[in-house]
Structures are given as C-alpha cells and as structure tokens.
$ cat work.pdb   # PDB, C-alpha atoms
MODEL        1
ATOM      1  CA  MET U   1       8.899 -34.824  63.010
ATOM      2  CA  ASP U   2       7.307 -31.902  61.176
ATOM      3  CA  THR U   3       9.734 -28.969  61.143
ATOM      4  CA  GLN U   4       7.706 -26.583  58.907
ATOM      5  CA  VAL U   5       7.452 -23.015  60.174
ATOM      6  CA  PRO U   6       3.824 -22.116  60.851
ATOM      7  CA  ILE U   7       2.469 -19.420  58.536
ATOM      8  CA  THR U   8       1.332 -16.385  60.488
ATOM      9  CA  LEU U   9       0.013 -12.989  59.488
ATOM     10  CA  GLN U  10       3.448 -11.507  60.245
ATOM     11  CA  THR U  11       5.296 -13.891  57.922
ATOM     12  CA  MET U  12       2.744 -13.287  55.130
ATOM     13  CA  VAL U  13       3.205  -9.520  55.375
ATOM     14  CA  ALA U  14       6.966  -9.921  55.420
ATOM     15  CA  THR U  15       7.014 -11.978  52.224
ATOM     16  CA  THR U  16       4.479  -9.886  50.278
ATOM     17  CA  LEU U  17       6.041  -8.449  47.099
ATOM     18  CA  ARG U  18       4.874  -5.011  46.069
ATOM     19  CA  LEU U  19       4.302  -4.356  42.371
ATOM     20  CA  ASP U  20       6.598  -1.344  42.399
ATOM     21  CA  ASN U  21       9.397  -3.544  43.810
ATOM     22  CA  LEU U  22       9.589  -5.480  40.524
ATOM     23  CA  ASN U  23      12.398  -4.627  38.141
ATOM     24  CA  PHE U  24      11.993  -2.880  34.786
ATOM     25  CA  ASP U  25      11.823  -6.063  32.670
ATOM     26  CA  CYS U  26       9.167  -7.704  34.852
ATOM     27  CA  LEU U  27       6.964  -4.612  34.799
ATOM     28  CA  LEU U  28       7.463  -4.227  31.041
ATOM     29  CA  ASN U  29       6.216  -7.798  30.513
ATOM     30  CA  ILE U  30       3.167  -7.142  32.706
ATOM     31  CA  PHE U  31       2.324  -3.808  31.097
ATOM     32  CA  SER U  32       2.696  -5.322  27.622
ATOM     33  CA  MET U  33      -0.308  -7.537  28.385
ATOM     34  CA  LEU U  34      -2.619  -4.592  29.167
ATOM     35  CA  ASN U  35      -5.099  -3.119  26.721
ATOM     36  CA  ILE U  36      -4.678   0.499  25.683
ATOM     37  CA  PRO U  37      -7.129   2.095  28.199
ATOM     38  CA  ASP U  38      -5.561   0.193  31.122
ATOM     39  CA  LEU U  39      -2.059   0.996  29.921
ATOM     40  CA  ALA U  40      -3.011   4.684  29.863
ATOM     41  CA  ARG U  41      -4.388   4.411  33.426
ATOM     42  CA  VAL U  42      -1.181   3.015  34.956
ATOM     43  CA  THR U  43       0.734   6.069  33.715
ATOM     44  CA  GLY U  44      -0.956   8.062  36.490
ATOM     45  CA  VAL U  45       0.514   5.948  39.301
ATOM     46  CA  CYS U  46       4.065   7.295  39.276
ATOM     47  CA  ARG U  47       6.852   8.432  36.961
ATOM     48  CA  LYS U  48       8.397   4.939  36.894
ATOM     49  CA  PHE U  49       5.135   3.371  35.710
ATOM     50  CA  ARG U  50       4.641   6.141  33.158
ATOM     51  CA  ASP U  51       8.057   5.535  31.587
ATOM     52  CA  ILE U  52       7.585   1.762  31.472
ATOM     53  CA  ALA U  53       4.088   2.147  30.004
ATOM     54  CA  ALA U  54       5.564   4.302  27.238
ATOM     55  CA  GLU U  55       8.039   1.512  26.430
ATOM     56  CA  ALA U  56       5.262  -1.104  26.489
ATOM     57  CA  PHE U  57       3.215   0.986  24.070
ATOM     58  CA  LYS U  58       6.182   1.339  21.714
ATOM     59  CA  TYR U  59       6.729  -2.421  21.543
ATOM     60  CA  GLU U  60       3.127  -3.697  21.562
ATOM     61  CA  TRP U  61       0.808  -1.007  20.200
ATOM     62  CA  LYS U  62       2.710   1.547  18.128
ATOM     63  CA  ASN U  63       1.843  -0.082  14.787
ATOM     64  CA  GLU U  64      -1.738  -1.041  15.736
ATOM     65  CA  THR U  65      -4.852   0.993  14.874
ATOM     66  CA  ILE U  66      -5.866   2.824  18.063
ATOM     67  CA  ARG U  67      -9.544   3.630  18.626
ATOM     68  CA  LEU U  68     -10.235   7.245  19.656
ATOM     69  CA  SER U  69     -13.931   7.556  20.460
ATOM     70  CA  ASN U  70     -16.341  10.337  21.389
ATOM     71  CA  ASN U  71     -19.141   7.837  21.968
ATOM     72  CA  ASN U  72     -19.714   8.500  25.707
ATOM     73  CA  SER U  73     -18.031  10.002  28.770
ATOM     74  CA  LYS U  74     -16.040   6.832  29.471
ATOM     75  CA  SER U  75     -14.733   6.702  25.909
ATOM     76  CA  ARG U  76     -13.805  10.381  26.018
ATOM     77  CA  LEU U  77     -11.850   9.924  29.257
ATOM     78  CA  GLU U  78     -10.006   6.908  27.834
ATOM     79  CA  THR U  79      -9.231   8.800  24.619
ATOM     80  CA  THR U  80      -7.930  11.799  26.583
ATOM     81  CA  ALA U  81      -5.606   9.552  28.623
ATOM     82  CA  ILE U  82      -4.328   7.793  25.485
ATOM     83  CA  LEU U  83      -3.647  11.070  23.681
ATOM     84  CA  ARG U  84      -1.878  12.728  26.605
ATOM     85  CA  ASN U  85       0.399   9.760  27.242
ATOM     86  CA  PHE U  86       0.939   8.247  23.784
ATOM     87  CA  GLY U  87      -0.220  10.918  21.327
ATOM     88  CA  ASN U  88       3.244  11.614  19.931
ATOM     89  CA  GLN U  89       3.753   7.895  19.210
ATOM     90  CA  LEU U  90       0.435   7.209  17.474
ATOM     91  CA  GLN U  91       0.725   6.075  13.855
ATOM     92  CA  ASN U  92      -2.694   4.600  13.006
ATOM     93  CA  VAL U  93      -5.952   5.838  14.516
ATOM     94  CA  GLN U  94      -9.694   5.385  14.047
ATOM     95  CA  ILE U  95     -11.526   8.591  14.983
ATOM     96  CA  ILE U  96     -15.147   7.868  15.960
ATOM     97  CA  PHE U  97     -17.446  10.873  16.245
ATOM     98  CA  ASP U  98     -20.735  10.918  18.149
ATOM     99  CA  LYS U  99     -23.616  13.355  18.488
ATOM    100  CA  HIS U 100     -22.127  15.966  20.847
ATOM    101  CA  ARG U 101     -18.867  17.860  21.506
ATOM    102  CA  ASN U 102     -17.187  16.753  18.280
ATOM    103  CA  ASP U 103     -15.393  20.095  17.848
ATOM    104  CA  THR U 104     -13.616  19.778  21.207
ATOM    105  CA  PHE U 105     -12.900  16.104  20.549
ATOM    106  CA  PHE U 106     -11.353  16.772  17.132
ATOM    107  CA  ARG U 107      -9.277  19.682  18.474
ATOM    108  CA  LEU U 108      -7.936  17.412  21.249
ATOM    109  CA  ILE U 109      -6.728  14.938  18.621
ATOM    110  CA  ILE U 110      -5.050  17.593  16.473
ATOM    111  CA  ASP U 111      -3.320  19.132  19.497
ATOM    112  CA  ASN U 112      -2.005  15.860  20.957
ATOM    113  CA  CYS U 113      -1.121  13.620  18.002
ATOM    114  CA  GLY U 114       2.353  14.018  16.521
ATOM    115  CA  SER U 115       4.100  13.971  13.176
ATOM    116  CA  GLN U 116       4.343  10.154  13.225
ATOM    117  CA  LEU U 117       0.638   9.833  12.362
ATOM    118  CA  LYS U 118       0.386   7.812   9.118
ATOM    119  CA  GLN U 119      -3.207   6.508   8.893
ATOM    120  CA  VAL U 120      -6.550   8.071   9.913
ATOM    121  CA  ASN U 121      -9.986   6.475   9.581
ATOM    122  CA  PHE U 122     -12.946   8.809  10.165
ATOM    123  CA  SER U 123     -16.214   7.187  11.230
ATOM    124  CA  SER U 124     -19.323   7.952  13.275
ATOM    125  CA  THR U 125     -21.448   5.987  15.714
ATOM    126  CA  ARG U 126     -24.635   7.057  13.946
ATOM    127  CA  VAL U 127     -25.961   8.839  10.886
ATOM    128  CA  ASN U 128     -26.229  12.427  12.079
ATOM    129  CA  LEU U 129     -25.811  16.055  11.069
ATOM    130  CA  HIS U 130     -23.205  16.834  13.688
ATOM    131  CA  VAL U 131     -19.958  15.882  11.948
ATOM    132  CA  GLU U 132     -20.493  18.463   9.198
ATOM    133  CA  ARG U 133     -19.028  21.278  11.340
ATOM    134  CA  VAL U 134     -15.981  19.202  12.226
ATOM    135  CA  LEU U 135     -14.965  17.824   8.827
ATOM    136  CA  SER U 136     -15.069  21.254   7.217
ATOM    137  CA  LYS U 137     -12.604  22.585   4.684
ATOM    138  CA  GLU U 138     -10.882  24.788   7.274
ATOM    139  CA  ASN U 139     -10.554  22.020   9.872
ATOM    140  CA  MET U 140      -9.227  19.593   7.260
ATOM    141  CA  ARG U 141      -6.685  22.219   6.217
ATOM    142  CA  ARG U 142      -5.460  22.481   9.829
ATOM    143  CA  PHE U 143      -5.431  18.709  10.047
ATOM    144  CA  ASN U 144      -3.447  18.466   6.806
ATOM    145  CA  GLN U 145      -0.886  21.037   7.916
ATOM    146  CA  LYS U 146      -0.311  19.305  11.252
ATOM    147  CA  PHE U 147       0.000  15.780   9.842
ATOM    148  CA  ALA U 148       2.078  16.288   6.709
ATOM    149  CA  ASN U 149       3.340  12.663   6.821
ATOM    150  CA  LEU U 150      -0.148  11.152   6.555
ATOM    151  CA  LYS U 151      -0.231   8.267   4.063
ATOM    152  CA  THR U 152      -3.788   6.894   4.441
ATOM    153  CA  LEU U 153      -7.064   8.805   4.829
ATOM    154  CA  ARG U 154     -10.416   6.996   5.019
ATOM    155  CA  PHE U 155     -13.971   8.269   5.444
ATOM    156  CA  GLU U 156     -15.911   5.266   6.735
ATOM    157  CA  ASN U 157     -19.187   4.375   8.506
ATOM    158  CA  ASN U 158     -21.918   7.018   8.612
ATOM    159  CA  ILE U 159     -19.719   9.886   7.402
ATOM    160  CA  ILE U 160     -22.399  11.104   5.010
ATOM    161  CA  ASP U 161     -23.612  14.518   6.193
ATOM    162  CA  ILE U 162     -20.659  16.681   5.199
ATOM    163  CA  THR U 163     -21.762  20.086   3.944
ATOM    164  CA  GLU U 164     -18.286  20.918   2.629
ATOM    165  CA  PRO U 165     -17.246  17.898   0.527
ATOM    166  CA  ASP U 166     -14.562  20.113  -0.996
ATOM    167  CA  CYS U 167     -12.611  19.518   2.243
ATOM    168  CA  ILE U 168     -10.584  16.915   0.295
ATOM    169  CA  GLU U 169      -9.707  19.357  -2.503
ATOM    170  CA  GLN U 170      -6.214  20.143  -1.226
ATOM    171  CA  GLN U 171      -2.739  18.737  -1.503
ATOM    172  CA  PHE U 172      -1.772  16.007   0.956
ATOM    173  CA  PRO U 173       1.991  15.790   0.308
ATOM    174  CA  ALA U 174       2.645  12.233   1.541
ATOM    175  CA  LEU U 175      -0.817  10.691   1.006
ATOM    176  CA  GLU U 176      -0.908   7.385  -0.888
ATOM    177  CA  GLU U 177      -4.432   6.084  -0.108
ATOM    178  CA  LEU U 178      -7.822   7.812  -0.097
ATOM    179  CA  SER U 179     -11.007   5.874   0.682
ATOM    180  CA  LEU U 180     -14.408   7.557   0.311
ATOM    181  CA  SER U 181     -16.933   4.897   1.266
ATOM    182  CA  SER U 182     -19.724   7.427   1.653
ATOM    183  CA  TYR U 183     -22.025   9.668  -0.350
ATOM    184  CA  PRO U 184     -21.211  13.367   0.118
ATOM    185  CA  PHE U 185     -18.218  13.414  -2.235
ATOM    186  CA  ALA U 186     -19.035  14.038  -5.889
ATOM    187  CA  ASN U 187     -16.944  13.351  -8.980
ATOM    188  CA  GLN U 188     -15.895  16.990  -9.075
ATOM    189  CA  ASN U 189     -14.481  16.814  -5.532
ATOM    190  CA  VAL U 190     -12.521  13.659  -6.365
ATOM    191  CA  LEU U 191     -11.284  15.159  -9.639
ATOM    192  CA  GLN U 192      -9.889  18.240  -7.876
ATOM    193  CA  PHE U 193      -8.272  15.975  -5.296
ATOM    194  CA  MET U 194      -6.609  13.894  -8.030
ATOM    195  CA  LYS U 195      -5.278  16.953  -9.863
ATOM    196  CA  VAL U 196      -3.254  18.073  -6.841
ATOM    197  CA  ASN U 197      -2.366  14.559  -5.584
ATOM    198  CA  PRO U 198      -1.051  12.610  -8.588
ATOM    199  CA  GLN U 199       1.076  10.486  -6.222
ATOM    200  CA  ILE U 200      -1.977   8.501  -5.020
ATOM    201  CA  LYS U 201      -1.536   4.706  -5.239
ATOM    202  CA  SER U 202      -4.885   3.549  -3.806
ATOM    203  CA  LEU U 203      -8.346   5.058  -4.385
ATOM    204  CA  SER U 204     -11.699   3.709  -3.221
ATOM    205  CA  SER U 205     -14.783   5.696  -4.157
ATOM    206  CA  PHE U 206     -17.868   3.684  -3.210
ATOM    207  CA  HIS U 207     -20.793   5.937  -4.007
ATOM    208  CA  TYR U 208     -21.847   5.767  -7.673
ATOM    209  CA  ASN U 209     -25.574   5.353  -8.225
ATOM    210  CA  ASN U 210     -25.185   4.890 -11.940
ATOM    211  CA  VAL U 211     -22.557   3.411 -14.200
ATOM    212  CA  HIS U 212     -22.119   6.621 -16.197
ATOM    213  CA  TYR U 213     -20.571   8.369 -13.183
ATOM    214  CA  ALA U 214     -18.255   5.425 -12.540
ATOM    215  CA  VAL U 215     -17.100   5.427 -16.168
ATOM    216  CA  ASP U 216     -16.403   9.164 -15.910
ATOM    217  CA  MET U 217     -14.379   8.520 -12.764
ATOM    218  CA  ILE U 218     -12.290   5.840 -14.478
ATOM    219  CA  GLY U 219     -11.527   8.314 -17.262
ATOM    220  CA  MET U 220     -10.314  10.851 -14.684
ATOM    221  CA  ILE U 221      -8.140   8.225 -13.000
ATOM    222  CA  ASP U 222      -6.640   7.207 -16.338
ATOM    223  CA  GLN U 223      -5.696  10.836 -16.950
ATOM    224  CA  HIS U 224      -4.527  12.010 -13.512
ATOM    225  CA  LEU U 225      -3.281   9.038 -11.431
ATOM    226  CA  PRO U 226      -0.475   7.287 -13.326
ATOM    227  CA  ARG U 227       0.778   5.470 -10.177
ATOM    228  CA  LEU U 228      -2.573   4.010  -9.071
ATOM    229  CA  GLU U 229      -2.140   0.387  -7.931
ATOM    230  CA  ARG U 230      -5.452  -0.251  -6.104
ATOM    231  CA  LEU U 231      -8.927   0.834  -7.215
ATOM    232  CA  GLY U 232     -12.317   0.269  -5.577
ATOM    233  CA  LEU U 233     -15.704   1.240  -7.089
ATOM    234  CA  TRP U 234     -19.292   0.752  -5.942
ATOM    235  CA  VAL U 235     -21.644   0.906  -8.918
ATOM    236  CA  HIS U 236     -25.448   0.686  -9.365
ATOM    237  CA  GLY U 237     -27.727   1.138 -12.353
ATOM    238  CA  ARG U 238     -27.751   0.124 -16.009
ATOM    239  CA  ALA U 239     -25.162   0.806 -18.687
ATOM    240  CA  ASP U 240     -26.861  -0.250 -21.929
ATOM    241  CA  MET U 241     -26.200   3.032 -23.732
ATOM    242  CA  ILE U 242     -22.552   3.472 -22.707
ATOM    243  CA  GLU U 243     -20.009   3.052 -25.459
ATOM    244  CA  TYR U 244     -17.159   0.686 -24.662
ATOM    245  CA  GLN U 245     -13.972   2.738 -24.348
ATOM    246  CA  PRO U 246     -11.166   0.786 -22.682
ATOM    247  CA  ARG U 247      -9.074   2.628 -20.106
ATOM    248  CA  PHE U 248      -5.572   1.330 -19.570
ATOM    249  CA  LEU U 249      -4.685   1.925 -15.942
ATOM    250  CA  LYS U 250      -1.048   0.996 -16.388
ATOM    251  CA  ALA U 251       0.024   0.535 -12.755
ATOM    252  CA  LEU U 252      -3.179  -1.152 -11.475
ATOM    253  CA  LYS U 253      -2.605  -4.391  -9.533
ATOM    254  CA  HIS U 254      -5.677  -4.715  -7.276
ATOM    255  CA  LEU U 255      -9.262  -4.126  -8.481
ATOM    256  CA  LYS U 256     -12.361  -4.149  -6.272
ATOM    257  CA  ILE U 257     -15.882  -3.646  -7.663
ATOM    258  CA  HIS U 258     -19.266  -3.632  -5.890
ATOM    259  CA  SER U 259     -21.984  -3.963  -8.536
ATOM    260  CA  TYR U 260     -25.666  -4.701  -7.877
ATOM    261  CA  GLY U 261     -26.983  -4.154 -11.386
ATOM    262  CA  ASN U 262     -26.853  -6.313 -14.513
ATOM    263  CA  THR U 263     -23.610  -8.309 -14.644
ATOM    264  CA  ALA U 264     -23.100  -7.077 -18.222
ATOM    265  CA  ASN U 265     -22.381  -3.684 -16.675
ATOM    266  CA  LEU U 266     -18.939  -4.894 -15.647
ATOM    267  CA  HIS U 267     -17.747  -4.724 -19.249
ATOM    268  CA  HIS U 268     -18.937  -1.144 -19.595
ATOM    269  CA  LEU U 269     -16.568  -0.073 -16.835
ATOM    270  CA  SER U 270     -13.868  -0.671 -19.464
ATOM    271  CA  ILE U 271     -10.934  -1.143 -17.084
ATOM    272  CA  SER U 272      -8.189  -2.814 -19.077
ATOM    273  CA  ASN U 273      -4.884  -3.788 -17.595
ATOM    274  CA  GLU U 274      -2.541  -6.724 -18.004
ATOM    275  CA  ARG U 275      -0.979  -6.337 -14.572
ATOM    276  CA  VAL U 276      -4.008  -6.857 -12.303
ATOM    277  CA  GLU U 277      -3.061  -9.637  -9.882
ATOM    278  CA  GLU U 278      -5.852  -9.467  -7.300
ATOM    279  CA  MET U 279      -9.605  -8.929  -7.774
ATOM    280  CA  GLU U 280     -12.535  -8.563  -5.380
ATOM    281  CA  LEU U 281     -16.122  -8.595  -6.669
ATOM    282  CA  GLU U 282     -19.367  -8.066  -4.741
ATOM    283  CA  LEU U 283     -22.263  -8.971  -7.020
ATOM    284  CA  GLY U 284     -25.970  -9.706  -7.064
ATOM    285  CA  SER U 285     -25.421 -12.766  -9.284
ATOM    286  CA  PHE U 286     -22.665 -14.768 -10.962
ATOM    287  CA  ASP U 287     -23.003 -15.830 -14.607
ATOM    288  CA  GLU U 288     -21.159 -16.104 -17.925
ATOM    289  CA  ASN U 289     -20.832 -12.314 -18.130
ATOM    290  CA  VAL U 290     -18.825 -12.339 -14.913
ATOM    291  CA  ILE U 291     -16.620 -15.197 -16.151
ATOM    292  CA  GLU U 292     -15.852 -13.304 -19.351
ATOM    293  CA  TYR U 293     -15.017 -10.189 -17.389
ATOM    294  CA  ILE U 294     -12.692 -11.952 -14.941
ATOM    295  CA  CYS U 295     -10.882 -13.962 -17.598
ATOM    296  CA  GLN U 296      -9.618 -10.902 -19.456
ATOM    297  CA  TYR U 297      -7.152 -10.377 -16.583
ATOM    298  CA  LYS U 298      -4.562 -13.003 -17.514
ATOM    299  CA  GLU U 299      -2.152 -12.169 -14.664
ATOM    300  CA  LEU U 300      -4.770 -12.765 -11.959
ATOM    301  CA  THR U 301      -3.475 -14.790  -8.988
ATOM    302  CA  LYS U 302      -6.157 -14.108  -6.321
ATOM    303  CA  LEU U 303      -9.928 -13.818  -6.723
ATOM    304  CA  ALA U 304     -12.563 -13.126  -4.047
ATOM    305  CA  VAL U 305     -16.294 -13.096  -4.924
ATOM    306  CA  ARG U 306     -19.064 -12.156  -2.480
ATOM    307  CA  LEU U 307     -22.618 -12.813  -3.679
ATOM    308  CA  TYR U 308     -25.673 -10.889  -2.477
ATOM    309  CA  CYS U 309     -28.317 -13.361  -3.593
ATOM    310  CA  ASP U 310     -30.336 -16.377  -2.431
ATOM    311  CA  SER U 311     -29.095 -18.762  -5.123
ATOM    312  CA  SER U 312     -25.983 -20.834  -4.537
ATOM    313  CA  PHE U 313     -22.785 -20.502  -6.536
ATOM    314  CA  ASP U 314     -22.643 -22.850  -9.525
ATOM    315  CA  CYS U 315     -19.386 -24.806  -9.340
ATOM    316  CA  LYS U 316     -19.380 -25.333 -13.107
ATOM    317  CA  PHE U 317     -17.663 -21.949 -13.390
ATOM    318  CA  LEU U 318     -14.549 -23.052 -11.483
ATOM    319  CA  PRO U 319     -13.071 -25.261 -14.270
ATOM    320  CA  LYS U 320     -13.465 -22.347 -16.689
ATOM    321  CA  LEU U 321     -11.489 -20.095 -14.378
ATOM    322  CA  LYS U 322      -8.781 -22.736 -13.997
ATOM    323  CA  GLU U 323      -8.564 -23.299 -17.732
ATOM    324  CA  ARG U 324      -8.375 -19.659 -18.783
ATOM    325  CA  LEU U 325      -6.379 -18.185 -15.890
ATOM    326  CA  PRO U 326      -3.272 -20.347 -15.443
ATOM    327  CA  LYS U 327      -1.752 -18.093 -12.744
ATOM    328  CA  LEU U 328      -4.853 -18.122 -10.508
ATOM    329  CA  THR U 329      -3.882 -19.872  -7.261
ATOM    330  CA  GLU U 330      -6.421 -18.606  -4.717
ATOM    331  CA  VAL U 331     -10.223 -18.385  -5.060
ATOM    332  CA  MET U 332     -12.650 -17.450  -2.284
ATOM    333  CA  ILE U 333     -16.447 -17.545  -2.830
ATOM    334  CA  SER U 334     -18.769 -16.288  -0.084
ATOM    335  CA  GLY U 335     -22.232 -14.802   0.239
ATOM    336  CA  PHE U 336     -25.482 -14.583   2.118
TER
ENDMDL
END
$ encode --input "work.pdb" --output "structure tokens"
Amino acid sequence: MDTQVPITLQTMVATTLRLDNLNFDCLLNIFSMLNIPDLARVTGVCRKFRDIAAEAFKYEWKNETIRLSNNNSKSRLETTAILRNFGNQLQNVQIIFDKHRNDTFFRLIIDNCGSQLKQVNFSSTRVNLHVERVLSKENMRRFNQKFANLKTLRFENNIIDITEPDCIEQQFPALEELSLSSYPFANQNVLQFMKVNPQIKSLSSFHYNNVHYAVDMIGMIDQHLPRLERLGLWVHGRADMIEYQPRFLKALKHLKIHSYGNTANLHHLSISNERVEEMELELGSFDENVIEYICQYKELTKLAVRLYCDSSFDCKFLPKLKERLPKLTEVMISGF
C-alpha cells in the first residue's frame, strides 16, 4: 500500500527555504562563487548580505586585479558599486578610461580606494585626446599622495595622448615597477623619474624609435638604478654607427627586448650582465646574430622568443643553445 503523503501547494510552501535563512558559512560559499559585479549587487539587499559579501571578497578577490571601467553606463554603475563596497580592500586595479566623464571617474577612484592599493594599470578603450586632462601632473600628484604604498604603476593600451608626460617626474616612495608601454614619455621624463626613484626594481619603456635613444636609456639605468632586476625595451631602427660600450647592470635578472630592425642591433644595446636568468625576445627574424647575443648570458635558465615573420624557426639553432648554455632548462618559441 502506498503511504506517501501527496505533495500539495501548502506543503511546498511550508518546505521552501529562503536564502536569508541560510547560515553564515552557506552564504559565504555561495557568495564566493559570484563575480565582482554580482557580489557588489548583493550588498544592497541587507546588512547581513553586505557583511558576508565583504568576507567573500576578502577571501576570493582581494589579491586579484579588479577591472574599473568608464566604458559605458553599465560599467560605470558596476565600478561605483565595487568602489563603495570594496574600495578600501582593493589591492590591484585596472583603470580603463573612455571618451567622456573621465575626470569624475578618476576622482571617484581616488576618493574610494584605500591605502592597501599596490598595483594600478592605466589603459583606455580607444586612442583619444580625452585622457590628457586626467593623467596630468597635478592629478598624478594627488594620486601619489593618496596611495603612498603603491608598488606597481603601468601605462598600457592607448595611453598615448598625454600632454603632461612629466606627470611621472615625482617621487613614488614605495614604487618598485614602472611600465611605460606607450609613446608620450621621453627619455628626459624617464631620467627625472629615475633620479628621484632609485629604488625601482622593474622598468619597461617600450617606445624607442631608434637604437640611439635605447642606448642612452641603458646608460641612464646603469647610472641611476642600481637595484634594477627586470628591464624591458622596445627598439626600432639601425645602429651601425653606435660604438659598443658595455653597460653592466649588476642586479639585472630578467631582460625583455622587442626589436624589429637588423638582428645585429641587439649587440649595440650593450647590456652585459652575468646574472640574467630569464630572457624574452620579440624579433623580426632569428639568425646567428641572435644566437651570439643570447649565448653571452651564461646563467640563462629560461628563454622565450616570439617571431614576427612568415618564415619558420630553424631548429638547427637549438643544439647550439643547449651546447653553450648549460643552465638553460626552458625554451619557448612562438610567432605568427
């Protein structure tokens, strides 16, 4: 005889479990699975949800790079919610400017982020003339004063139309990494930055249209940045008339070079160091000149080469690398 109790609407209502009836641990597990915009939204439900969302952020997102975008109205609303609820906990952020209202957007970030901020990446959704008023010397001074614990500062995609490139010519007390993958910053701006920030350990300056400028930059680094461990350069042009003058960057461990000119130009950069352990090269071709350049770094353990050419990589070079670099354990070759 079937003794099951028939399911009715009344019994279903009686056994329905409300989300806010769950205990702290259950809600924390659920909230930990949400993305950042959704996590910011649940904070508006009630105080209990807001407190649990704050805990979920601390465990799942605190060390991640959080995207703060001015791209459209939806992005601005999401960014506002993130800043108001988690601004004091943010450590790593990517700030993405758009065409309009960048001043208000940047001010919102400065007002809501806290002293825990360690890494900032500036970028833009498009090449435009509208970020110049935001990334000014005065605004960067305010930014610097507010975030005195900042360790990493990067100017990334489309940040090219800055009318005050001297905005970086100030002391950043805790800064260890500066990346300038864009064109507005000249050697003079970088030199002034180095003079007041000798503590820098990582410098990427990808904007040299001829090798002479890059060689000048290496000379400045040799003189002003004794602790530099990572260096990135993007170099074009010829170097036939440059005299070879080796620069001994004593602390350098990681070297990255983008070069689209003659491969012989690599030698003219004159970076000499026995401690370099990792190297990244982006080149238009790979030949004996490149092999000779790589093999001078006897402590090399990792090598990554990206080729911008139609021809395939000639595997005959691999035995030479193995023979002359006994500590090399990892090689990655890619291209298109």
$ closest_residue --input "work.pdb" --among "U:Ile218, U:Ala186, U:Ile52, U:Leu283" --to "Leu39 (chain U)" --atoms "all atoms listed in the file"
U:Ile52
$ residues_near_point --input "work.pdb" --point "(1.7, 4.2, 37.1)" --cutoff "12 Å" --atoms "all atoms listed in the file" --output "number ranges by chain"
U: 19-20, 27-28, 31, 38-54, 85
$ atom_distance --input "work.pdb" --atom1 "CA of Leu203 (chain U)" --atom2 "CA of Asp98 (chain U)"
26.4 Å
$ atom_distance --input "work.pdb" --atom1 "CA of Tyr297 (chain U)" --atom2 "CA of Gly335 (chain U)"
23.0 Å
$ atom_distance --input "work.pdb" --atom1 "CA of Asn139 (chain U)" --atom2 "CA of Asn187 (chain U)"
21.7 Å
$ resolve_selection --input "work.pdb" --expression "the PyMOL selection byres ((chain U and resi 323-333) around 9)" --output "PyMOL selection string"
chain U and resi 277+294-307+313+318-322+334-335
$ write_last_selection --input "work.pdb" --atoms "C-alpha atoms" --output "CSV table (one decimal), in the coordinates of the input"
chain,number,residue,atom,x,y,z
U,277,GLU,CA,-3.1,-9.6,-9.9
U,294,ILE,CA,-12.7,-12.0,-14.9
U,295,CYS,CA,-10.9,-14.0,-17.6
U,296,GLN,CA,-9.6,-10.9,-19.5
U,297,TYR,CA,-7.2,-10.4,-16.6
U,298,LYS,CA,-4.6,-13.0,-17.5
U,299,GLU,CA,-2.2,-12.2,-14.7
U,300,LEU,CA,-4.8,-12.8,-12.0
U,301,THR,CA,-3.5,-14.8,-9.0
U,302,LYS,CA,-6.2,-14.1,-6.3
U,303,LEU,CA,-9.9,-13.8,-6.7
U,304,ALA,CA,-12.6,-13.1,-4.0
U,305,VAL,CA,-16.3,-13.1,-4.9
U,306,ARG,CA,-19.1,-12.2,-2.5
U,307,LEU,CA,-22.6,-12.8,-3.7
U,313,PHE,CA,-22.8,-20.5,-6.5
U,318,LEU,CA,-14.5,-23.1,-11.5
U,319,PRO,CA,-13.1,-25.3,-14.3
U,320,LYS,CA,-13.5,-22.3,-16.7
U,321,LEU,CA,-11.5,-20.1,-14.4
U,322,LYS,CA,-8.8,-22.7,-14.0
U,334,SER,CA,-18.8,-16.3,-0.1
U,335,GLY,CA,-22.2,-14.8,0.2
$ residues_around --input "work.pdb" --residues "Ile160 (chain U)" --least-positions-apart "2" --cutoff "7 Å" --atoms "only C-alpha atoms" --output "MDAnalysis selection string"
chainID U and resid 158 162 182:184
$ closest_atom_pairs --input "work.pdb" --of "region 90-200 of chain U" --to "region 73-78 of chain U" --cutoff "12 Å" --atoms "all atoms listed in the file" --output "tab-separated table"
residue	atom	partner	partner_atom	distance
U:Ile95	CA	U:Arg76	CA	11.4
U:Ile96	CA	U:Ser75	CA	10.0
U:Phe97	CA	U:Arg76	CA	10.4
U:Asp98	CA	U:Arg76	CA	10.5
U:His100	CA	U:Ser73	CA	10.7
U:Arg101	CA	U:Arg76	CA	10.1
U:Asn102	CA	U:Arg76	CA	10.6
U:Thr104	CA	U:Arg76	CA	10.6
U:Phe105	CA	U:Arg76	CA	8.0
U:Phe106	CA	U:Arg76	CA	11.2
U:Leu108	CA	U:Arg76	CA	10.3
U:Ile109	CA	U:Arg76	CA	11.2
$ residues_near_point --input "work.pdb" --point "(-14.9, 15.6, -5.8)" --cutoff "12 Å" --atoms "all atoms listed in the file" --output "list in words"
Glu164, Pro165, Asp166, Cys167, Ile168, Glu169, Gln170, Leu178, Leu180, Tyr183, Pro184, Phe185, Ala186, Asn187, Gln188, Asn189, Val190, Leu191, Gln192, Phe193, Met194, Lys195, Val196, Ser205, His207, Tyr213, Met217 and Met220 of chain U
